[in-house]
>>> print(open('model-v6.cif').read())   # mmCIF, C-alpha atoms
data_input
#
loop_
_atom_site.label_atom_id
_atom_site.label_comp_id
_atom_site.auth_asym_id
_atom_site.auth_seq_id
_atom_site.Cartn_x
_atom_site.Cartn_y
_atom_site.Cartn_z
CA MET R 1059 4.72 -17.77 7.61
CA LEU R 1060 5.72 -15.45 4.78
CA GLU R 1061 5.89 -16.51 1.18
CA LEU R 1062 6.80 -14.71 -2.04
CA ARG R 1063 5.42 -16.54 -5.03
CA PRO R 1064 7.51 -15.87 -8.14
CA MET R 1065 5.99 -14.82 -11.44
CA PRO R 1066 4.92 -18.04 -13.21
CA GLU R 1067 6.89 -19.08 -16.28
CA ALA R 1068 3.82 -20.62 -17.85
CA THR R 1069 0.09 -20.59 -17.37
CA VAL R 1070 -2.19 -23.54 -16.95
CA SER R 1071 -5.77 -23.82 -18.04
CA PRO R 1072 -8.07 -23.91 -16.21
CA GLY R 1073 -6.26 -21.63 -13.77
CA VAL R 1074 -5.32 -22.57 -10.24
CA PRO R 1075 -6.87 -20.46 -7.43
CA LYS R 1076 -4.38 -18.22 -5.68
CA LEU R 1077 -6.01 -18.49 -2.30
CA LEU R 1078 -6.76 -21.53 -0.19
CA GLN R 1079 -10.15 -23.01 -1.02
CA GLU R 1080 -12.69 -25.10 0.85
CA GLY R 1081 -11.50 -28.70 1.06
CA TYR R 1082 -7.81 -27.82 0.70
CA LEU R 1083 -5.36 -29.26 3.19
CA VAL R 1084 -2.66 -27.50 5.17
CA ARG R 1085 -0.06 -28.94 7.48
CA PHE R 1086 2.11 -27.23 10.04
CA THR R 1087 5.74 -28.21 10.52
CA ASN R 1088 7.44 -29.44 13.65
CA GLU R 1089 8.80 -25.96 14.42
CA TRP R 1090 5.47 -24.41 15.37
CA PRO R 1091 5.60 -23.80 19.13
CA GLU R 1092 3.35 -25.50 21.65
CA THR R 1093 2.94 -22.15 23.43
CA LEU R 1094 0.37 -20.88 20.93
CA PRO R 1095 -3.26 -21.25 22.05
CA ILE R 1096 -3.93 -23.49 19.05
CA LYS R 1097 -1.84 -26.64 18.91
CA LEU R 1098 -0.45 -26.83 15.40
CA ARG R 1099 2.83 -28.68 15.59
CA ASN R 1100 2.97 -31.50 13.06
CA LYS R 1101 -0.78 -31.32 12.53
CA CYS R 1102 -2.81 -31.45 9.34
CA PHE R 1103 -6.03 -29.51 8.82
CA GLN R 1104 -8.69 -29.29 6.18
CA ILE R 1105 -10.16 -25.95 5.18
CA GLN R 1106 -13.86 -26.16 6.00
CA ARG R 1107 -14.90 -22.61 5.08
CA THR R 1108 -13.26 -19.59 3.49
CA ASN R 1109 -14.19 -15.94 3.30
CA PRO R 1110 -11.83 -13.55 1.48
CA VAL R 1111 -11.99 -10.00 2.85
CA HIS R 1112 -10.37 -7.10 1.01
CA TYR R 1113 -8.68 -4.26 2.87
CA ASP R 1114 -6.33 -1.39 2.01
CA LEU R 1115 -3.77 0.42 4.13
CA SER R 1116 -2.21 3.67 2.98
CA TYR R 1117 0.38 6.05 4.32
CA ILE R 1118 1.89 9.25 2.97
CA ILE R 1119 5.51 9.18 4.06
CA PRO R 1120 8.31 11.74 3.53
CA THR R 1121 11.50 10.86 1.72
CA ASN R 1122 14.11 8.75 3.55
CA ASP R 1123 11.64 8.04 6.32
CA PHE R 1124 9.67 4.95 7.22
CA ARG R 1125 6.70 3.66 9.16
CA ASP R 1126 6.53 0.29 10.86
CA VAL R 1127 3.18 -1.34 10.18
CA ASP R 1128 2.34 -4.08 12.68
CA ILE R 1129 -0.33 -6.29 11.14
CA SER R 1130 -1.03 -8.21 14.33
CA ASN R 1131 -3.75 -7.53 16.88
CA ALA R 1132 -1.33 -5.96 19.36
CA ALA R 1133 -1.99 -2.41 20.61
CA GLY R 1134 -1.34 -0.07 17.70
CA GLY R 1135 -1.47 -2.96 15.25
CA GLU R 1136 -3.73 -3.23 12.21
CA ASN R 1137 -5.69 -6.15 13.72
CA LEU R 1138 -5.17 -8.48 10.78
CA TYR R 1139 -4.59 -11.63 12.84
CA PRO R 1140 -7.31 -14.15 13.71
CA GLU R 1141 -8.96 -14.29 17.11
CA GLY R 1142 -10.58 -17.70 16.77
CA LEU R 1143 -8.80 -20.88 17.76
CA SER R 1144 -9.74 -22.67 14.56
CA THR R 1145 -8.98 -19.86 12.14
CA LEU R 1146 -6.07 -19.41 9.78
CA TYR R 1147 -5.63 -16.12 7.95
CA GLU R 1148 -4.01 -16.32 4.54
CA THR R 1149 -3.23 -12.69 3.73
CA ALA R 1150 -2.20 -11.79 0.20
CA LEU R 1151 -0.30 -8.51 0.06
CA GLY R 1152 0.27 -6.30 -2.98
CA PHE R 1153 1.43 -2.74 -3.54
CA LYS R 1154 0.31 0.13 -5.70
CA PRO R 1155 3.19 1.67 -7.68
CA GLY R 1156 5.47 4.20 -6.02
CA ASN R 1157 9.00 5.01 -4.94
CA TYR R 1158 9.03 2.87 -1.83
CA LEU R 1159 10.39 -0.36 -0.41
CA VAL R 1160 9.05 -2.78 2.17
CA HIS R 1161 11.10 -4.83 4.61
CA PHE R 1162 9.59 -7.63 6.68
CA TYR R 1163 10.39 -8.32 10.31
CA ILE R 1164 9.12 -11.14 12.49
CA PRO R 1165 9.21 -10.69 15.39
CA ALA R 1166 10.02 -6.96 15.64
CA GLY R 1167 13.69 -6.25 14.98
CA GLU R 1168 14.38 -9.58 13.25
CA ALA R 1169 14.62 -9.13 9.50
CA VAL R 1170 13.17 -11.95 7.44
CA SER R 1171 15.58 -11.35 4.56
CA ARG R 1172 19.25 -11.23 5.45
CA LEU R 1173 22.43 -12.86 4.32
CA GLU R 1174 24.88 -14.94 6.33
CA GLN R 1175 27.65 -12.36 6.72
CA ALA R 1176 27.04 -10.49 9.99
CA ASN R 1177 26.71 -7.04 8.39
CA MET R 1178 24.30 -8.08 5.67
CA ILE R 1179 21.13 -7.07 7.47
CA PRO R 1180 18.55 -4.72 5.93
CA ASN R 1181 19.03 -1.17 7.14
CA VAL R 1182 16.99 1.69 5.70
CA THR R 1183 19.48 4.27 6.97
CA SER R 1184 22.20 2.78 4.77
CA ALA R 1185 22.40 3.90 1.13
CA THR R 1186 23.09 0.31 0.07
CA LEU R 1187 21.61 -2.00 2.72
CA ARG R 1188 18.18 -0.41 2.30
CA TYR R 1189 17.88 -2.51 -0.84
CA LEU R 1190 18.92 -5.77 0.83
CA GLY R 1191 15.90 -8.04 0.88
CA ALA R 1192 13.53 -5.15 0.20
CA LYS R 1193 10.36 -5.80 -1.73
CA LYS R 1194 9.46 -3.27 -4.40
CA PRO R 1195 5.89 -2.58 -5.53
CA SER R 1196 6.66 -4.40 -8.79
CA ASP R 1197 7.50 -7.57 -6.83
CA SER R 1198 3.89 -7.90 -5.74
CA PRO R 1199 1.55 -5.68 -7.75
CA TYR R 1200 -1.75 -4.62 -6.23
CA GLU R 1201 -3.72 -6.45 -8.93
CA ASP R 1202 -1.53 -9.55 -8.89
CA LYS R 1203 -0.54 -10.10 -5.28
CA ARG R 1204 2.45 -12.40 -4.77
CA ILE R 1205 3.30 -12.02 -1.09
CA PHE R 1206 1.39 -14.33 1.22
CA ILE R 1207 1.34 -14.20 5.00
CA TYR R 1208 -0.12 -17.02 7.11
CA SER R 1209 -1.16 -16.17 10.64
CA VAL R 1210 -2.95 -17.77 13.55
CA LYS R 1211 -4.10 -16.38 16.88
CA ASP R 1212 -1.29 -14.91 18.98
CA LEU R 1213 1.45 -15.52 16.40
CA GLU R 1214 4.35 -13.11 16.93
CA PRO R 1215 3.71 -9.76 15.18
CA ILE R 1216 4.80 -9.40 11.59
CA ILE R 1217 6.14 -5.89 10.99
CA LEU R 1218 6.18 -4.26 7.56
CA ARG R 1219 8.73 -1.46 7.43
CA VAL R 1220 7.44 0.83 4.66
CA PHE R 1221 10.32 3.04 3.54
CA VAL R 1222 10.15 5.90 1.02
CA ASP R 1223 13.34 5.97 -1.00
CA SER R 1224 15.18 9.16 -1.84
CA GLY R 1225 14.33 11.13 -4.97
CA ILE R 1226 10.81 12.24 -4.07
CA ALA R 1227 9.54 14.59 -1.35
CA PHE R 1228 6.57 12.44 -0.30
CA GLU R 1229 5.09 9.19 -1.50
CA LYS R 1230 1.70 7.62 -0.99
CA CYS R 1231 2.24 3.96 -0.18
CA VAL R 1232 -0.88 1.87 -0.71
CA LEU R 1233 -0.83 -1.71 0.58
CA GLY R 1234 -3.63 -3.91 -0.73
CA LEU R 1235 -4.60 -6.89 1.40
CA GLU R 1236 -6.81 -9.86 0.70
CA VAL R 1237 -7.42 -11.60 4.01
CA ASN R 1238 -8.65 -15.11 3.30
CA LYS R 1239 -10.33 -16.27 6.47
CA CYS R 1240 -10.03 -20.06 6.65
CA ARG R 1241 -11.83 -22.21 9.19
CA LEU R 1242 -9.71 -25.23 10.05
CA VAL R 1243 -10.85 -28.72 10.94
CA GLU R 1244 -8.16 -31.10 12.13
CA VAL R 1245 -7.49 -34.26 10.15
CA THR R 1246 -6.61 -36.53 13.03
CA ASP R 1247 -5.01 -39.36 11.11
CA PRO R 1248 -3.95 -38.02 7.71
CA THR R 1249 -2.97 -40.45 5.00
CA LYS R 1250 0.36 -40.16 3.24
CA GLU R 1251 -1.45 -38.85 0.19
CA GLN R 1252 -3.19 -36.15 2.23
CA LEU R 1253 0.13 -35.08 3.74
CA THR R 1254 1.67 -34.89 0.29
CA LYS R 1255 -1.17 -32.79 -1.05
CA ALA R 1256 -1.34 -30.48 1.95
CA LYS R 1257 0.23 -27.04 1.76
CA LYS R 1258 3.18 -26.98 4.13
CA LEU R 1259 3.18 -23.95 6.44
CA LEU R 1260 6.57 -23.10 7.90
CA TYR R 1261 7.12 -21.33 11.18
CA TYR R 1262 8.97 -18.03 10.81
CA SER R 1263 12.14 -19.38 12.40
CA GLU R 1264 12.43 -21.76 9.45
CA LEU R 1265 12.56 -18.85 7.02
CA ARG R 1266 15.91 -17.72 8.41
CA TRP R 1267 17.98 -20.87 8.20
CA MET M 4 -13.43 10.17 -15.54
CA PRO M 5 -15.12 13.07 -13.70
CA SER M 6 -14.63 16.72 -14.55
CA LEU M 7 -15.65 19.91 -12.82
CA MET M 8 -15.78 23.60 -13.74
CA GLN M 9 -15.54 26.29 -11.07
CA THR M 10 -15.05 30.03 -11.13
CA MET M 11 -12.09 31.42 -9.25
CA ALA M 12 -14.35 33.67 -7.18
CA ALA M 13 -12.57 32.01 -4.29
CA SER M 14 -9.08 30.56 -4.04
CA PRO M 15 -8.10 27.83 -3.47
CA ARG M 16 -10.89 25.76 -5.01
CA VAL M 17 -11.22 22.07 -4.19
CA PHE M 18 -11.71 19.95 -7.31
CA ALA M 19 -11.27 16.45 -5.86
CA THR M 20 -11.05 15.26 -2.27
CA GLU M 21 -8.53 12.72 -1.10
CA LYS M 22 -9.22 9.04 -1.53
CA ARG M 23 -7.16 7.21 1.05
CA ASN M 24 -6.16 4.30 -1.13
CA ALA M 25 -5.45 6.11 -4.40
CA LYS M 26 -3.60 9.03 -5.91
CA ILE M 27 -5.45 11.52 -8.10
CA LYS M 28 -4.31 11.78 -11.72
CA PRO M 29 -5.44 15.08 -13.29
CA SER M 30 -5.83 14.57 -17.00
CA LEU M 31 -6.99 17.98 -18.22
CA ILE M 32 -7.03 21.56 -17.03
CA VAL M 33 -8.68 24.38 -18.95
CA VAL M 34 -8.27 27.97 -17.77
CA ASP M 35 -10.63 30.48 -19.35
CA ASN M 36 -9.26 33.91 -18.48
CA VAL M 37 -10.92 35.71 -21.40
CA ASN M 38 -13.26 37.88 -19.37
CA ALA M 39 -11.07 38.19 -16.28
CA ALA M 40 -9.80 41.50 -15.02
CA ALA M 41 -6.09 40.66 -15.17
CA ASP M 42 -3.50 38.06 -16.10
CA ALA M 43 -3.59 35.01 -13.88
CA VAL M 44 -1.13 32.66 -12.26
CA ILE M 45 -2.85 29.31 -11.86
CA GLY M 46 -1.46 26.50 -9.73
CA ILE M 47 -2.44 22.93 -8.97
CA VAL M 48 -1.93 22.32 -5.26
CA ASP M 49 -1.76 18.97 -3.49
CA ARG M 50 -3.06 19.20 0.09
CA PHE M 51 -2.41 16.27 2.43
CA THR M 52 -1.35 15.35 5.94
CA PRO M 53 1.42 12.76 6.04
CA ALA M 54 1.31 9.71 8.28
CA VAL M 55 3.08 9.47 11.60
CA THR M 56 6.48 8.04 10.79
CA ASN M 57 9.71 7.14 12.51
CA GLY M 58 11.06 10.63 11.85
CA VAL M 59 7.93 12.75 12.29
CA ALA M 60 5.75 12.16 15.35
CA ILE M 61 3.37 15.08 14.71
CA PRO M 62 2.97 15.61 10.97
CA VAL M 63 1.64 18.90 9.61
CA VAL M 64 -0.42 19.67 6.52
CA GLN M 65 1.61 19.89 3.32
CA THR M 66 0.63 21.95 0.27
CA PRO M 67 3.14 21.48 -2.54
CA THR M 68 2.31 23.11 -5.87
CA ARG M 69 2.43 20.38 -8.52
CA LEU M 70 2.06 22.63 -11.57
CA GLN M 71 1.87 26.36 -12.24
CA ILE M 72 1.02 28.29 -15.41
CA ASN M 73 0.62 31.91 -16.45
CA VAL M 74 -2.54 32.73 -18.36
CA SER M 75 -2.88 36.14 -19.98
CA ILE M 76 -6.04 38.19 -19.92
CA ASN M 77 -8.16 37.41 -23.01
CA ALA M 78 -6.58 33.92 -23.16
CA CYS M 79 -7.99 30.43 -22.80
CA VAL M 80 -5.39 27.72 -22.11
CA SER M 81 -5.78 23.97 -21.97
CA LEU M 82 -3.19 21.43 -20.82
CA ARG M 83 -3.45 17.71 -21.28
CA ASP M 84 -0.11 16.10 -22.14
CA GLU M 85 1.70 18.27 -19.61
CA LEU M 86 -0.33 16.63 -16.84
CA LYS M 87 0.75 13.13 -17.78
CA ASP M 88 3.19 12.77 -14.88
CA VAL M 89 1.37 14.93 -12.34
CA GLU M 90 0.18 12.96 -9.31
CA ILE M 91 -1.79 14.28 -6.36
CA LEU M 92 -1.37 12.39 -3.09
CA GLY M 93 -4.13 14.16 -1.17
CA GLN M 94 -6.73 16.73 -2.16
CA LEU M 95 -6.61 18.40 -5.57
CA GLU M 96 -6.95 22.17 -5.33
CA VAL M 97 -6.53 24.98 -7.83
CA VAL M 98 -5.25 28.37 -6.74
CA ARG M 99 -5.33 31.67 -8.56
CA GLY M 100 -2.30 33.63 -7.47
CA THR M 101 -0.70 31.72 -4.61
CA LEU M 102 -1.98 30.11 -1.42
CA LEU M 103 -0.59 32.99 0.64
CA ALA M 104 -1.63 35.70 -1.81
CA PRO M 105 -4.74 34.55 -3.69
CA VAL M 106 -6.08 36.69 -6.55
CA VAL M 107 -9.78 35.88 -6.94
CA ASP M 108 -11.80 36.67 -10.06
CA ALA M 109 -15.33 35.41 -10.70
CA ASN M 110 -14.77 35.73 -14.45
CA CYS M 111 -11.87 33.28 -14.49
CA PHE M 112 -13.18 29.76 -15.15
CA VAL M 113 -11.18 26.62 -14.46
CA THR M 114 -12.16 23.13 -15.56
CA VAL M 115 -10.30 20.08 -14.29
CA ALA M 116 -10.77 16.47 -15.37
CA TYR M 117 -9.21 13.77 -13.21
CA ASP M 118 -9.22 10.14 -12.32
CA TYR M 119 -8.26 8.10 -9.31
CA GLU M 120 -5.32 5.79 -9.78
CA GLN M 121 -6.52 2.19 -10.01
#
>>> encode(input="model-v6.cif", output="structure tokens")
Amino acid sequence: MLELRPMPEATVSPGVPKLLQEGYLVRFTNEWPETLPIKLRNKCFQIQRTNPVHYDLSYIIPTNDFRDVDISNAAGGENLYPEGLSTLYETALGFKPGNYLVHFYIPAGEAVSRLEQANMIPNVTSATLRYLGAKKPSDSPYEDKRIFIYSVKDLEPIILRVFVDSGIAFEKCVLGLEVNKCRLVEVTDPTKEQLTKAKKLLYYSELRW
Amino acid sequence: MPSLMQTMAASPRVFATEKRNAKIKPSLIVVDNVNAAADAVIGIVDRFTPAVTNGVAIPVVQTPTRLQINVSINACVSLRDELKDVEILGQLEVVRGTLLAPVVDANCFVTVAYDYEQ
């Protein structure tokens, strides 16, 4: 699941943690497939342990060119998916400033952000469609990450297409990641209150309704 | 913020190596050409190898010059504000002359202060 949290209009005190914490609840929707090694469909879990791990990826890319960054554990990927059957990775993603855009695809070739008209699909080779659904560094600053990716073992690869916009010969694109390793324990018979409090995790197909 | 002085007895001189997750922001350059044998052309060079991308399968080393100044013999020049928008993606080097035609002089002193982008 992919989530962009908007800039808050107000602050609360004491602050609310950005990342999932021990004791928090998560629930998976009915769309999660039964083909994954961990059965998640319509299930509720409690976070038993967490361990946030920081990581940076960086690429120097020429103008009007891009690199597809696969964050999964597939060959050539960045290995940022869990391997354990009771692990959820909550990955916060932020960008250092620069003249670049990031498009998200899951699975490969399927843009997360598109509009309903057939031609309104992100396309970095188009002077206009390169901006469709693109995330700019200011949308999720490195020090205040606002993009969250939720992954489990063998989830389809999420691809980040990092594109350097025209107007600069080369750009250094730095992607900051905070991988919050969460150990899940199933809540076999959750109460209505637990289900209400639990963070709902959508399957990627639900993002493109 | 670190700083480093080196003579231009060799060219190019490396002042800061690349940090993979940050750009280098030079904040000050001082060129002391007072005792040198001739006028100098001093350049700040950015040396890096780009990533493999969709368009370039085998990237090659790039060495763009980010700033260049002329410093007369008997002169000492310092730049601070002019460096405000200079960013180095890879390794920060200073050349006397050019990369292809360096003009070394052990009596030309260059000091560079820099920081890594946070």
>>> interface_residues(input="model-v6.cif", of="chain M", to="chain R", cutoff="9 Å", atoms="only C-alpha atoms", output="ChimeraX atom specification")
/M:23-26,51-59,92-93,120-121
>>> write_last_selection(input="model-v6.cif", atoms="C-alpha atoms", output="PDB file, in the coordinates of the input")
ATOM      1  CA  ARG M  23      -7.160   7.210   1.050  1.00  0.00           C
ATOM      2  CA  ASN M  24      -6.160   4.300  -1.130  1.00  0.00           C
ATOM      3  CA  ALA M  25      -5.450   6.110  -4.400  1.00  0.00           C
ATOM      4  CA  LYS M  26      -3.600   9.030  -5.910  1.00  0.00           C
ATOM      5  CA  PHE M  51      -2.410  16.270   2.430  1.00  0.00           C
ATOM      6  CA  THR M  52      -1.350  15.350   5.940  1.00  0.00           C
ATOM      7  CA  PRO M  53       1.420  12.760   6.040  1.00  0.00           C
ATOM      8  CA  ALA M  54       1.310   9.710   8.280  1.00  0.00           C
ATOM      9  CA  VAL M  55       3.080   9.470  11.600  1.00  0.00           C
ATOM     10  CA  THR M  56       6.480   8.040  10.790  1.00  0.00           C
ATOM     11  CA  ASN M  57       9.710   7.140  12.510  1.00  0.00           C
ATOM     12  CA  GLY M  58      11.060  10.630  11.850  1.00  0.00           C
ATOM     13  CA  VAL M  59       7.930  12.750  12.290  1.00  0.00           C
ATOM     14  CA  LEU M  92      -1.370  12.390  -3.090  1.00  0.00           C
ATOM     15  CA  GLY M  93      -4.130  14.160  -1.170  1.00  0.00           C
ATOM     16  CA  GLU M 120      -5.320   5.790  -9.780  1.00  0.00           C
ATOM     17  CA  GLN M 121      -6.520   2.190 -10.010  1.00  0.00           C
TER      18      GLN M 121
END
>>> resolve_selection(input="model-v6.cif", expression="the PyMOL selection byres ((chain R and resi 1091-1096) around 6)", output="list of chain:residue names")
R:Trp1090, R:Lys1097, R:Leu1143
>>> residues_around(input="model-v6.cif", residues="Leu1187 in chain R", least_positions_apart="5", cutoff="10 Å", atoms="all atoms listed in the file", output="PyMOL selection string")
chain R and resi 1172+1177-1182+1192
>>> write_last_selection(input="model-v6.cif", atoms="C-alpha atoms", output="PDB file, in the frame of the given file")
ATOM      1  CA  ARG R1172      19.250 -11.230   5.450  1.00  0.00           C
ATOM      2  CA  ASN R1177      26.710  -7.040   8.390  1.00  0.00           C
ATOM      3  CA  MET R1178      24.300  -8.080   5.670  1.00  0.00           C
ATOM      4  CA  ILE R1179      21.130  -7.070   7.470  1.00  0.00           C
ATOM      5  CA  PRO R1180      18.550  -4.720   5.930  1.00  0.00           C
ATOM      6  CA  ASN R1181      19.030  -1.170   7.140  1.00  0.00           C
ATOM      7  CA  VAL R1182      16.990   1.690   5.700  1.00  0.00           C
ATOM      8  CA  ALA R1192      13.530  -5.150   0.200  1.00  0.00           C
TER       9      ALA R1192
END
>>> atom_distance(input="model-v6.cif", atom1="CA of Val1210 in chain R", atom2="CA of Leu1146 in chain R")
5.2 Å
>>> closest_residue(input="model-v6.cif", among="R:Ala1068, R:Val1084, R:Val1074, R:Val1243", to="Leu1260 in chain R", atoms="all atoms listed in the file")
R:Val1084
>>> resolve_selection(input="model-v6.cif", expression="the PyMOL selection byres ((chain M and resi 73-79) around 9)", output="ChimeraX atom specification")
/M:33-46,71-72,80-81
>>> write_last_selection(input="model-v6.cif", atoms="C-alpha atoms", output="PDB file, keeping the file's coordinate frame")
ATOM      1  CA  VAL M  33      -8.680  24.380 -18.950  1.00  0.00           C
ATOM      2  CA  VAL M  34      -8.270  27.970 -17.770  1.00  0.00           C
ATOM      3  CA  ASP M  35     -10.630  30.480 -19.350  1.00  0.00           C
ATOM      4  CA  ASN M  36      -9.260  33.910 -18.480  1.00  0.00           C
ATOM      5  CA  VAL M  37     -10.920  35.710 -21.400  1.00  0.00           C
ATOM      6  CA  ASN M  38     -13.260  37.880 -19.370  1.00  0.00           C
ATOM      7  CA  ALA M  39     -11.070  38.190 -16.280  1.00  0.00           C
ATOM      8  CA  ALA M  40      -9.800  41.500 -15.020  1.00  0.00           C
ATOM      9  CA  ALA M  41      -6.090  40.660 -15.170  1.00  0.00           C
ATOM     10  CA  ASP M  42      -3.500  38.060 -16.100  1.00  0.00           C
ATOM     11  CA  ALA M  43      -3.590  35.010 -13.880  1.00  0.00           C
ATOM     12  CA  VAL M  44      -1.130  32.660 -12.260  1.00  0.00           C
ATOM     13  CA  ILE M  45      -2.850  29.310 -11.860  1.00  0.00           C
ATOM     14  CA  GLY M  46      -1.460  26.500  -9.730  1.00  0.00           C
ATOM     15  CA  GLN M  71       1.870  26.360 -12.240  1.00  0.00           C
ATOM     16  CA  ILE M  72       1.020  28.290 -15.410  1.00  0.00           C
ATOM     17  CA  VAL M  80      -5.390  27.720 -22.110  1.00  0.00           C
ATOM     18  CA  SER M  81      -5.780  23.970 -21.970  1.00  0.00           C
TER      19      SER M  81
END
>>> residues_around(input="model-v6.cif", residues="Ile1216 in chain R", least_positions_apart="5", cutoff="7 Å", atoms="all atoms listed in the file", output="PDB file with C-alpha atoms, in the frame of the given file")
ATOM      1  CA  ASP R1128       2.340  -4.080  12.680  1.00  0.00           C
ATOM      2  CA  ILE R1129      -0.330  -6.290  11.140  1.00  0.00           C
ATOM      3  CA  SER R1130      -1.030  -8.210  14.330  1.00  0.00           C
ATOM      4  CA  TYR R1163      10.390  -8.320  10.310  1.00  0.00           C
ATOM      5  CA  ILE R1164       9.120 -11.140  12.490  1.00  0.00           C
ATOM      6  CA  PRO R1165       9.210 -10.690  15.390  1.00  0.00           C
TER       7      PRO R1165
END
>>> atom_distance(input="model-v6.cif", atom1="CA of Lys1255 in chain R", atom2="CA of Glu1080 in chain R")
14.0 Å
>>> atom_distance(input="model-v6.cif", atom1="CA of Phe1153 in chain R", atom2="CA of Val1222 in chain R")
13.1 Å
>>> resolve_selection(input="model-v6.cif", expression="the PyMOL selection byres ((chain R and resi 1141) around 6)", output="PyMOL selection string")
chain R and resi 1140+1142+1211
>>> write_last_selection(input="model-v6.cif", atoms="C-alpha atoms", output="CSV table (one decimal), in the coordinates of the input")
chain,number,residue,atom,x,y,z
R,1140,PRO,CA,-7.3,-14.2,13.7
R,1142,GLY,CA,-10.6,-17.7,16.8
R,1211,LYS,CA,-4.1,-16.4,16.9
>>> closest_residue(input="model-v6.cif", among="M:Val89, M:Ile27, M:Glu21, M:Ile32", to="Ser6 in chain M", atoms="all atoms listed in the file")
M:Ile32
>>> residues_around(input="model-v6.cif", residues="Ser1171 in chain R", least_positions_apart="3", cutoff="12 Å", atoms="all atoms listed in the file", output="ChimeraX atom specification")
/R:1060-1062,1160-1164,1167-1168,1174,1178-1181,1187-1193,1262-1267
>>> axis_aligned_box(input="model-v6.cif", around="range 84-101 of chain M", padding_each_side="4 Å", output="JSON")
{"center_x": -1.9, "center_y": 23.0, "center_z": -11.7, "size_x": 18.1, "size_y": 29.2, "size_z": 29.0}
>>> residues_around(input="model-v6.cif", residues="Asn1109 in chain R", least_positions_apart="6", cutoff="10 Å", atoms="all atoms listed in the file", output="VMD selection string")
chain R and resid 1078 to 1080 1147 1236 to 1241
>>> residues_around(input="model-v6.cif", residues="Asp1223 in chain R", least_positions_apart="3", cutoff="8 Å", atoms="only C-alpha atoms", output="PyMOL selection string")
chain R and resi 1121-1123+1157-1159+1226
